[in-house]
$ cat coords.txt   # compact mmCIF, C-alpha atoms and all ligand atoms
# COMPACT_ATOMS: atom_id res chain seq x y z
CA MET A 18 43.32 3.04 96.39
CA LYS A 19 44.09 4.02 92.78
CA VAL A 20 43.67 7.79 92.62
CA ALA A 21 43.75 10.20 89.65
CA VAL A 22 45.20 13.48 90.93
CA PHE A 23 43.98 16.42 88.81
CA SER A 24 45.38 19.96 88.52
CA SER A 25 48.64 18.63 89.88
CA GLN A 26 51.66 20.89 89.93
CA PRO A 27 55.22 19.72 90.59
CA TYR A 28 54.92 20.79 94.25
CA ASP A 29 51.72 18.69 94.67
CA LEU A 30 53.47 15.66 93.23
CA LYS A 31 56.43 16.13 95.56
CA SER A 32 54.41 16.54 98.76
CA LEU A 33 51.83 13.83 97.96
CA GLU A 34 54.45 11.25 96.91
CA SER A 35 56.54 11.95 99.97
CA VAL A 36 53.61 11.56 102.41
CA ASN A 37 52.20 8.61 100.42
CA GLN A 38 55.17 6.49 101.49
CA THR A 39 53.18 6.07 104.70
CA TYR A 40 49.81 5.45 103.04
CA GLY A 41 50.68 3.37 99.96
CA HIS A 42 47.98 4.55 97.56
CA GLU A 43 48.54 4.38 93.79
CA LEU A 44 48.65 8.01 92.65
CA ILE A 45 48.46 9.01 88.99
CA PHE A 46 49.13 12.68 88.35
CA PHE A 47 47.49 14.83 85.66
CA GLU A 48 48.22 18.51 85.05
CA SER A 49 44.77 18.93 83.47
CA LYS A 50 41.90 20.45 85.36
CA LEU A 51 39.09 18.05 86.20
CA SER A 52 35.98 18.63 84.08
CA ALA A 53 33.43 16.53 82.21
CA LYS A 54 35.88 16.49 79.27
CA THR A 55 38.87 15.24 81.27
CA ALA A 56 37.01 12.88 83.64
CA SER A 57 37.85 9.89 81.40
CA LEU A 58 41.53 10.27 82.41
CA ALA A 59 40.42 8.69 85.69
CA ALA A 60 39.45 5.43 83.95
CA GLY A 61 40.58 2.48 86.04
CA CYS A 62 40.81 4.57 89.23
CA SER A 63 38.44 4.45 92.21
CA ALA A 64 38.98 8.04 93.35
CA VAL A 65 39.88 11.44 92.00
CA CYS A 66 41.81 14.08 93.90
CA ALA A 67 40.77 17.62 92.94
CA PHE A 68 41.68 21.20 93.73
CA ILE A 69 39.81 24.50 93.99
CA ASN A 70 39.37 25.35 90.32
CA ASP A 71 38.42 21.86 89.18
CA LEU A 72 34.88 21.89 87.90
CA VAL A 73 33.13 19.14 89.84
CA ASN A 74 29.64 19.92 88.57
CA GLU A 75 26.83 17.56 87.58
CA ALA A 76 28.30 16.74 84.14
CA THR A 77 31.73 15.97 85.64
CA LEU A 78 30.26 13.85 88.43
CA ARG A 79 28.15 11.84 85.96
CA ALA A 80 31.24 11.27 83.79
CA LEU A 81 33.22 10.20 86.88
CA ALA A 82 30.44 7.85 88.00
CA ALA A 83 30.49 6.24 84.55
CA GLU A 84 34.21 5.54 85.10
CA GLY A 85 33.42 3.87 88.44
CA ILE A 86 34.70 6.69 90.65
CA SER A 87 33.26 6.52 94.17
CA LEU A 88 35.31 9.23 95.90
CA VAL A 89 36.24 12.87 95.27
CA ALA A 90 39.09 13.81 97.61
CA LEU A 91 39.48 17.58 97.65
CA ARG A 92 42.89 19.03 98.47
CA SER A 93 41.13 22.19 99.69
CA ALA A 94 38.98 23.44 102.54
CA GLY A 95 36.38 25.12 100.31
CA PHE A 96 34.01 22.88 98.34
CA ASN A 97 31.93 25.49 96.47
CA ASN A 98 33.13 23.95 93.17
CA VAL A 99 31.40 20.60 93.89
CA ASN A 100 27.72 19.78 93.36
CA LEU A 101 27.26 17.89 96.62
CA ASP A 102 23.64 16.88 95.96
CA VAL A 103 24.49 15.21 92.66
CA ALA A 104 27.52 13.51 94.24
CA ARG A 105 25.30 12.11 96.99
CA ASP A 106 22.68 10.89 94.48
CA LEU A 107 25.43 9.16 92.49
CA GLY A 108 26.89 7.56 95.64
CA ILE A 109 30.15 9.50 95.32
CA ALA A 110 31.68 10.49 98.66
CA VAL A 111 33.29 13.95 98.86
CA VAL A 112 36.01 14.60 101.43
CA ARG A 113 38.05 17.75 102.04
CA VAL A 114 40.89 19.18 104.12
CA PRO A 115 39.07 21.46 106.56
CA ALA A 116 42.23 23.01 108.00
CA TYR A 117 45.83 22.81 106.92
CA SER A 118 47.34 26.08 107.99
CA PRO A 119 45.09 28.96 108.95
CA TYR A 120 48.36 30.82 109.71
CA ALA A 121 49.41 30.63 106.05
CA VAL A 122 46.27 32.39 104.81
CA ALA A 123 46.02 34.89 107.68
CA GLU A 124 49.70 35.85 107.29
CA HIS A 125 49.23 36.34 103.54
CA ALA A 126 46.26 38.65 104.20
CA VAL A 127 48.52 40.70 106.47
CA GLY A 128 51.17 40.70 103.73
CA LEU A 129 48.66 42.22 101.31
CA ILE A 130 47.74 44.90 103.87
CA LEU A 131 51.37 45.88 104.44
CA THR A 132 52.14 45.84 100.71
CA LEU A 133 49.21 48.11 99.87
CA ASN A 134 49.64 50.45 102.81
CA ARG A 135 53.41 50.94 102.54
CA LYS A 136 53.33 50.52 98.72
CA LEU A 137 56.03 47.89 98.79
CA HIS A 138 55.07 46.70 95.29
CA ARG A 139 55.85 50.15 93.93
CA ALA A 140 58.91 50.74 96.11
CA TYR A 141 60.43 47.43 94.94
CA ASN A 142 60.23 48.43 91.27
CA ARG A 143 61.30 51.99 91.98
CA THR A 144 64.51 51.22 93.86
CA ARG A 145 65.52 48.63 91.23
CA ASP A 146 65.30 51.51 88.75
CA ASP A 147 67.53 53.68 91.02
CA ASN A 148 64.54 55.93 91.70
CA PHE A 149 64.84 56.71 95.40
CA SER A 150 62.09 59.33 95.59
CA LEU A 151 59.45 58.76 98.29
CA GLN A 152 56.81 60.69 96.37
CA GLY A 153 53.59 58.65 96.25
CA LEU A 154 54.74 56.08 98.82
CA LEU A 155 53.09 57.64 101.89
CA GLY A 156 51.43 55.07 104.17
CA PHE A 157 49.61 55.12 107.49
CA ASP A 158 50.22 53.59 110.94
CA LEU A 159 48.17 50.43 111.37
CA HIS A 160 48.37 51.03 115.11
CA GLY A 161 45.05 52.45 116.31
CA LYS A 162 43.20 51.74 113.06
CA THR A 163 39.97 49.74 112.93
CA VAL A 164 40.06 46.37 111.17
CA GLY A 165 36.81 44.62 110.22
CA ILE A 166 36.88 40.83 109.90
CA VAL A 167 34.07 39.10 108.00
CA GLY A 168 34.07 35.46 109.14
CA THR A 169 35.88 34.57 112.35
CA GLY A 170 36.50 30.87 111.83
CA LYS A 171 39.98 29.35 111.88
CA ILE A 172 41.61 31.85 109.49
CA GLY A 173 39.68 34.90 110.71
CA THR A 174 40.71 34.12 114.29
CA CYS A 175 44.43 33.86 113.36
CA PHE A 176 44.08 37.11 111.44
CA ALA A 177 42.44 38.80 114.45
CA SER A 178 45.27 37.67 116.68
CA ILE A 179 47.94 39.09 114.32
CA MET A 180 46.12 42.41 113.87
CA LYS A 181 45.72 42.69 117.63
CA GLY A 182 49.51 42.63 117.76
CA PHE A 183 49.61 45.69 115.50
CA GLY A 184 47.47 47.55 118.04
CA CYS A 185 44.32 47.67 115.89
CA ARG A 186 40.74 47.90 117.09
CA LEU A 187 38.99 44.73 115.92
CA LEU A 188 35.40 44.46 114.67
CA ALA A 189 33.86 41.31 113.28
CA TYR A 190 30.76 40.00 111.58
CA ASP A 191 29.91 36.30 111.68
CA LEU A 192 26.69 34.30 111.86
CA TYR A 193 28.28 32.41 114.77
CA PRO A 194 30.44 34.73 116.93
CA SER A 195 33.38 33.03 118.58
CA GLN A 196 34.29 33.28 122.25
CA GLU A 197 37.98 32.92 121.33
CA CYS A 198 37.71 36.12 119.27
CA ARG A 199 35.75 37.91 121.97
CA ASP A 200 38.56 37.00 124.38
CA LEU A 201 41.01 38.61 121.94
CA GLY A 202 39.00 41.82 122.22
CA VAL A 203 36.99 41.45 119.01
CA GLU A 204 33.66 43.31 119.02
CA TYR A 205 30.86 41.71 116.95
CA VAL A 206 28.67 44.10 114.96
CA ASP A 207 26.32 43.96 111.94
CA LEU A 208 27.90 43.98 108.49
CA PRO A 209 26.90 47.58 107.59
CA ASP A 210 28.32 48.84 110.92
CA LEU A 211 31.54 46.90 110.34
CA LEU A 212 31.94 48.29 106.82
CA GLY A 213 31.17 51.82 107.99
CA ALA A 214 33.69 51.84 110.84
CA SER A 215 36.65 49.91 109.38
CA ASP A 216 39.81 51.30 107.81
CA VAL A 217 40.63 47.78 106.61
CA VAL A 218 38.07 45.05 105.84
CA SER A 219 39.30 41.47 105.42
CA LEU A 220 37.04 38.66 104.14
CA HIS A 221 37.39 35.24 105.76
CA CYS A 222 33.97 33.62 105.27
CA PRO A 223 33.27 30.80 102.78
CA GLN A 224 31.59 31.33 99.44
CA THR A 225 27.99 30.17 99.71
CA PRO A 226 24.79 31.29 97.97
CA GLU A 227 24.35 33.76 100.89
CA THR A 228 27.84 35.26 100.60
CA HIS A 229 27.99 35.41 96.77
CA HIS A 230 28.72 39.09 95.93
CA LEU A 231 28.62 40.01 99.61
CA ILE A 232 30.60 43.05 98.49
CA ASN A 233 28.42 44.65 95.82
CA ALA A 234 27.35 48.12 94.64
CA GLU A 235 24.95 48.44 97.58
CA THR A 236 27.23 47.19 100.39
CA ILE A 237 30.17 49.22 99.03
CA GLN A 238 28.18 52.37 99.87
CA HIS A 239 28.61 51.50 103.59
CA PHE A 240 32.44 51.54 103.40
CA LYS A 241 34.47 54.40 104.84
CA ALA A 242 35.77 56.51 101.97
CA GLY A 243 39.23 55.30 100.95
CA ALA A 244 39.07 52.06 102.99
CA MET A 245 41.15 48.99 102.20
CA LEU A 246 39.50 45.70 101.17
CA ILE A 247 41.35 42.38 101.40
CA ASN A 248 40.00 39.10 100.01
CA THR A 249 41.92 35.88 100.58
CA SER A 250 38.72 33.81 100.75
CA ARG A 251 36.93 33.21 97.45
CA GLY A 252 36.61 35.44 94.38
CA GLY A 253 32.82 35.24 94.23
CA LEU A 254 32.50 37.21 97.48
CA ILE A 255 33.20 40.40 95.52
CA ASP A 256 31.24 41.73 92.54
CA THR A 257 34.15 42.62 90.23
CA VAL A 258 32.25 45.23 88.20
CA ALA A 259 31.13 47.03 91.37
CA ILE A 260 34.59 47.01 92.93
CA ILE A 261 36.17 48.47 89.78
CA GLN A 262 33.67 51.35 89.90
CA ALA A 263 34.40 51.85 93.61
CA ILE A 264 38.16 52.03 92.98
CA LYS A 265 37.66 54.47 90.10
CA SER A 266 35.54 56.73 92.33
CA SER A 267 38.08 56.40 95.23
CA LYS A 268 35.37 54.97 97.52
CA ILE A 269 37.69 51.99 97.90
CA GLY A 270 41.24 53.23 98.41
CA TYR A 271 43.09 49.91 98.25
CA LEU A 272 42.23 46.39 97.09
CA GLY A 273 44.28 43.30 97.88
CA ILE A 274 43.02 40.03 96.42
CA ASP A 275 44.42 36.53 96.38
CA VAL A 276 41.26 35.21 94.74
CA TYR A 277 39.28 36.43 91.75
CA GLU A 278 35.78 35.64 90.51
CA GLN A 279 36.98 34.31 87.13
CA GLU A 280 40.28 32.90 88.38
CA ALA A 281 39.62 29.40 87.03
CA ASP A 282 40.56 30.65 83.54
CA LEU A 283 43.76 32.31 84.77
CA PHE A 284 45.40 31.11 87.95
CA PHE A 285 47.95 28.32 88.50
CA ARG A 286 49.31 28.68 84.96
CA ASP A 287 52.02 30.72 83.23
CA LEU A 288 50.10 32.95 80.81
CA SER A 289 52.92 35.46 80.38
CA ASP A 290 53.13 34.76 76.63
CA THR A 291 49.40 35.14 75.99
CA VAL A 292 47.01 38.06 75.66
CA ILE A 293 44.65 37.90 78.63
CA GLN A 294 41.07 38.18 77.38
CA ASP A 295 39.55 39.12 80.74
CA ASP A 296 39.23 42.93 80.48
CA ALA A 297 38.05 43.39 84.09
CA PHE A 298 41.11 41.54 85.38
CA GLN A 299 43.45 43.58 83.20
CA LEU A 300 41.82 46.80 84.39
CA LEU A 301 42.32 45.77 88.02
CA GLN A 302 45.96 44.95 87.25
CA SER A 303 46.44 48.47 85.88
CA PHE A 304 45.45 50.25 89.13
CA PRO A 305 48.39 51.28 91.37
CA ASN A 306 46.34 50.68 94.53
CA VAL A 307 45.43 47.08 93.67
CA VAL A 308 47.64 44.10 94.48
CA ILE A 309 46.71 40.70 93.10
CA THR A 310 48.30 37.39 94.02
CA ALA A 311 47.23 34.21 92.25
CA HIS A 312 45.64 32.12 95.02
CA GLN A 313 48.91 31.59 96.86
CA ALA A 314 47.75 32.39 100.41
CA PHE A 315 47.73 28.68 101.30
CA PHE A 316 51.14 28.07 99.75
CA THR A 317 53.56 27.31 102.58
CA ARG A 318 55.65 24.19 103.21
CA GLU A 319 53.64 23.42 106.32
CA ALA A 320 50.31 23.74 104.52
CA LEU A 321 51.38 21.50 101.61
CA HIS A 322 52.51 18.80 104.04
CA ASN A 323 49.24 19.01 106.00
CA ILE A 324 47.15 18.96 102.80
CA ALA A 325 48.91 15.82 101.60
CA THR A 326 48.59 14.08 104.98
CA THR A 327 44.88 14.82 105.45
CA THR A 328 44.01 14.03 101.81
CA LEU A 329 45.72 10.63 101.88
CA SER A 330 44.33 9.85 105.32
CA ASN A 331 40.80 10.76 104.12
CA ILE A 332 41.22 8.34 101.18
CA SER A 333 42.38 5.57 103.55
CA GLU A 334 39.39 6.13 105.85
CA ILE A 335 36.89 5.90 102.99
CA GLU A 336 38.67 2.87 101.50
CA ALA A 337 38.47 1.11 104.87
CA GLY A 338 34.72 1.89 105.07
CA ARG A 339 35.19 3.97 108.21
CA ASP A 340 33.34 7.20 108.98
CA CYS A 341 35.52 10.03 107.73
CA PRO A 342 35.10 13.23 109.77
CA ASN A 343 36.11 15.26 106.72
CA GLN A 344 33.32 13.93 104.50
CA VAL A 345 31.11 16.82 103.38
CA ASN A 346 28.15 15.06 101.74
P1 LIG A 401 35.99 28.28 108.82
O1 LIG A 401 34.88 27.38 108.41
O2 LIG A 401 36.84 27.92 109.99
O3 LIG A 401 35.41 29.75 109.08
C1 LIG A 401 34.47 30.36 108.26
C2 LIG A 401 33.67 31.34 109.13
O4 LIG A 401 32.77 32.05 108.26
C3 LIG A 401 32.82 30.64 110.19
O5 LIG A 401 33.03 31.24 111.45
C4 LIG A 401 31.39 30.86 109.71
O6 LIG A 401 30.44 30.98 110.76
C5 LIG A 401 31.53 32.16 108.94
N1 LIG A 401 30.45 32.36 107.98
C6 LIG A 401 29.81 31.47 107.22
N2 LIG A 401 28.84 32.04 106.49
C7 LIG A 401 28.88 33.35 106.81
C8 LIG A 401 28.11 34.49 106.41
N3 LIG A 401 27.10 34.36 105.53
N4 LIG A 401 28.41 35.69 106.95
C9 LIG A 401 29.42 35.81 107.86
N5 LIG A 401 30.17 34.78 108.28
C10 LIG A 401 29.90 33.57 107.76
O7 LIG A 401 36.86 28.47 107.50
P2 LIG A 401 38.39 28.93 107.41
O8 LIG A 401 39.27 27.74 107.50
O9 LIG A 401 38.62 30.06 108.33
O10 LIG A 401 38.45 29.44 105.89
C11 LIG A 401 37.72 30.55 105.46
C12 LIG A 401 37.74 30.62 103.95
O11 LIG A 401 39.07 30.89 103.50
C13 LIG A 401 37.39 29.28 103.25
O12 LIG A 401 36.00 29.13 103.11
C14 LIG A 401 38.08 29.41 101.91
O13 LIG A 401 37.15 29.95 101.00
C15 LIG A 401 39.19 30.42 102.16
N6 LIG A 401 40.52 29.85 101.97
C16 LIG A 401 41.38 30.45 101.09
C17 LIG A 401 42.64 29.97 100.88
C18 LIG A 401 43.62 30.63 99.95
O14 LIG A 401 44.67 30.05 99.63
N7 LIG A 401 43.37 31.85 99.50
C19 LIG A 401 43.09 28.74 101.57
C20 LIG A 401 42.14 28.23 102.53
C21 LIG A 401 40.88 28.75 102.70

$ encode --input "coords.txt" --output "structure tokens" --more "lines below"
Ligand code: NAI
Amino acid sequence: MKVAVFSSQPYDLKSLESVNQTYGHELIFFESKLSAKTASLAAGCSAVCAFINDLVNEATLRALAAEGISLVALRSAGFNNVNLDVARDLGIAVVRVPAYSPYAVAEHAVGLILTLNRKLHRAYNRTRDDNFSLQGLLGFDLHGKTVGIVGTGKIGTCFASIMKGFGCRLLAYDLYPSQECRDLGVEYVDLPDLLGASDVVSLHCPQTPETHHLINAETIQHFKAGAMLINTSRGGLIDTVAIIQAIKSSKIGYLGIDVYEQEADLFFRDLSDTVIQDDAFQLLQSFPNVVITAHQAFFTREALHNIATTTLSNISEIEAGRDCPNQVN
């Protein structure tokens, strides 16, 4: 199939072209994000391949349909950026990569916890400046602390297993509790109870209308004073304005985020020569107890290989007219 690959970075090109030797699709790479304005780049193609910050809304889908596109192949697990109803009405199939490496994301969440707790981000800069003082670098033992996991699917379960290794008590909240997690010793509780009892809260549920701003001014009141919040899931789970207030009042003691509500305007690009216009983001960056990574939790060799394999296999299944288990609409 002839496929226009949007938001493609050099590492996408490398992994997709390497795996495509087995599949033989015709891949055309564009650095541009997919939107209604850029959809015409896909002229002559039958499919587009999109990533998390591509805007696959009604206007984009209509523009794609006008170009004869019948398939949107997402290189991501999440599909909150796609209007599935409009895609269905236009006869455009949407496929995704439901799992590529839950370990990658869970391990990154743990990396954020260790960085914030032991202040590795500050220690790194300090020792490079020959400042070997330990003042301000005091951490705490993770052993014996309570970790609350919101969403115990594939990533949340990996995360639970790692944190069990640290000797933490594990609480979880999920609409569908998992026996695998229960077997790991996870105790399921309501969200307010989880927030109230946890020293560290890590978000691993998808962004849906129900989970939009799950962490807001009201739910923040349930947190233990000085707790740590980690979000490697989707930016929209946290109300940015509310979390800034909570950090300023010390209600939240540490924030580690790999995702940000307005990340589509920022992430996956080098903006080091520009003045960032997002004041809330810049304020977060200025706090010593906030660590931000730019949606890199998925970014391991293994994950890139699995993303490429599942994406190209999904395209082959749809092209052959077979039922694709990864179709979401
Ligand atoms: P999954 O589908 O295996 O698990 C999601 C879990 O959340 C399920 O157990 C589900 O029951 C639960 N859930 C759904 N709605 C809920 C609600 N309202 N309240 C509580 N729990 C709820 O998904 P997986 O693979 O574990 O991924 C989780 C999220 O991680 C994805 O939705 C995606 O947003 C994010 N992600 C982030 C990446 C990154 O690079 N930062 C990479 C991959 C995924």

$ residues_near_ligand --input "coords.txt" --ligand "ligand LIG 401 (chain A)" --cutoff "9 Å" --atoms "all atoms listed in the file" --output "MDAnalysis selection string"
chainID A and resid 93:97 115:119 121:123 125:126 167:175 189:195 208 220:229 231 248:252 274:276 311:316

$ residues_around --input "coords.txt" --residues "Met245 of chain A" --least-positions-apart "5" --cutoff "9 Å" --atoms "only C-alpha atoms" --output "list in words"
Ile130, Leu133, Asn134, Ser215, Asp216, Val217, Val218, Ser219, Ile269, Gly270, Tyr271, Leu272 and Gly273 of chain A

$ closest_residue --input "coords.txt" --among "A:Ala234, A:Ile309, A:Met180, A:Leu91" --to "Asn70 of chain A" --atoms "all atoms listed in the file"
A:Leu91

$ residues_around --input "coords.txt" --residues "Asp296 of chain A" --least-positions-apart "3" --cutoff "12 Å" --atoms "only C-alpha atoms" --output "number ranges by chain"
A: 257-258, 261, 279, 292-293, 299-303

$ atom_distance --input "coords.txt" --atom1 "atom CA of Asp158 of chain A" --atom2 "atom CA of Lys181 of chain A"
13.6 Å

$ atom_distance --input "coords.txt" --atom1 "atom CA of Leu154 of chain A" --atom2 "atom CA of Phe183 of chain A"
20.3 Å

$ atom_distance --input "coords.txt" --atom1 "atom CA of Leu51 of chain A" --atom2 "atom CA of Ala337 of chain A"
25.2 Å

$ residues_near_point --input "coords.txt" --point "(48.9, 17.1, 98.5)" --cutoff "6 Å" --atoms "only C-alpha atoms" --output "NGL selection string"
:A and (29 or 32-33 or 321 or 324-325)

$ closest_residue --input "coords.txt" --among "A:Phe284, A:Val89, A:Val36, A:Val114" --to "Phe298 of chain A" --atoms "all atoms listed in the file"
A:Phe284

$ closest_residue --input "coords.txt" --among "A:Asn37, A:Asn346, A:Asn306, A:Asn331" --to "Leu137 of chain A" --atoms "all atoms listed in the file"
A:Asn306

$ residues_around --input "coords.txt" --residues "Asp102 of chain A" --least-positions-apart "5" --cutoff "12 Å" --atoms "only C-alpha atoms" --output "PyMOL selection string"
chain A and resi 73-75+78+97+107-111+345-346

$ closest_residue --input "coords.txt" --among "A:Ser35, A:Ser57, A:Gln26, A:Asn142" --to "Ala82 of chain A" --atoms "only C-alpha atoms"
A:Ser57

$ closest_residue --input "coords.txt" --among "A:Lys162, A:Lys31, A:Arg113, A:Arg79" --to "Leu329 of chain A" --atoms "only C-alpha atoms"
A:Arg113

$ closest_residue --input "coords.txt" --among "A:Pro305, A:Thr327, A:Leu159, A:Glu48" --to "Tyr28 of chain A" --atoms "all atoms listed in the file"
A:Glu48

$ residues_around --input "coords.txt" --residues "Lys50 of chain A" --least-positions-apart "6" --cutoff "6 Å" --atoms "all atoms listed in the file" --output "list in words"
Phe23, Ser24 and Asp71 of chain A

$ residues_around --input "coords.txt" --residues "Phe304 of chain A" --least-positions-apart "4" --cutoff "9 Å" --atoms "only C-alpha atoms" --output "list in words"
Ile264, Lys265, Leu300 and Val308 of chain A

$ build_atoms --input "coords.txt" --residues "segment 292-308 of chain A" --atoms "N, CA and C atoms" --output "CSV table (one decimal), in the frame of the given file"
chain,number,residue,atom,x,y,z
A,292,VAL,N,47.8,36.8,75.4
A,292,VAL,CA,47.0,38.1,75.7
A,292,VAL,C,45.8,37.7,76.5
A,293,ILE,N,45.8,38.2,77.7
A,293,ILE,CA,44.6,37.9,78.6
A,293,ILE,C,43.4,38.5,78.1
A,294,GLN,N,42.3,37.7,78.0
A,294,GLN,CA,41.1,38.2,77.4
A,294,GLN,C,40.1,38.8,78.4
A,295,ASP,N,40.5,38.7,79.7
A,295,ASP,CA,39.6,39.1,80.7
A,295,ASP,C,39.8,40.6,81.0
A,296,ASP,N,39.0,41.5,80.4
A,296,ASP,CA,39.2,42.9,80.5
A,296,ASP,C,39.1,43.5,81.9
A,297,ALA,N,38.2,42.9,82.7
A,297,ALA,CA,38.0,43.4,84.1
A,297,ALA,C,39.3,43.1,84.9
A,298,PHE,N,39.9,41.9,84.7
A,298,PHE,CA,41.1,41.5,85.4
A,298,PHE,C,42.3,42.5,85.0
A,299,GLN,N,42.4,42.7,83.7
A,299,GLN,CA,43.4,43.6,83.2
A,299,GLN,C,43.3,45.0,83.7
A,300,LEU,N,42.1,45.5,83.8
A,300,LEU,CA,41.8,46.8,84.4
A,300,LEU,C,42.3,46.9,85.9
A,301,LEU,N,41.9,45.8,86.6
A,301,LEU,CA,42.3,45.8,88.0
A,301,LEU,C,43.8,45.8,88.1
A,302,GLN,N,44.5,45.0,87.2
A,302,GLN,CA,46.0,45.0,87.2
A,302,GLN,C,46.6,46.3,87.0
A,303,SER,N,45.8,47.2,86.3
A,303,SER,CA,46.4,48.5,85.9
A,303,SER,C,46.4,49.5,87.0
A,304,PHE,N,45.6,49.3,88.1
A,304,PHE,CA,45.4,50.2,89.1
A,304,PHE,C,46.6,50.2,90.1
A,305,PRO,N,47.2,51.3,90.5
A,305,PRO,CA,48.4,51.3,91.4
A,305,PRO,C,48.0,50.9,92.8
A,306,ASN,N,46.8,51.0,93.2
A,306,ASN,CA,46.3,50.7,94.5
A,306,ASN,C,45.6,49.3,94.6
A,307,VAL,N,46.0,48.4,93.6
A,307,VAL,CA,45.4,47.1,93.7
A,307,VAL,C,46.6,46.1,93.6
A,308,VAL,N,46.6,45.1,94.5
A,308,VAL,CA,47.6,44.1,94.5
A,308,VAL,C,46.9,42.8,94.3
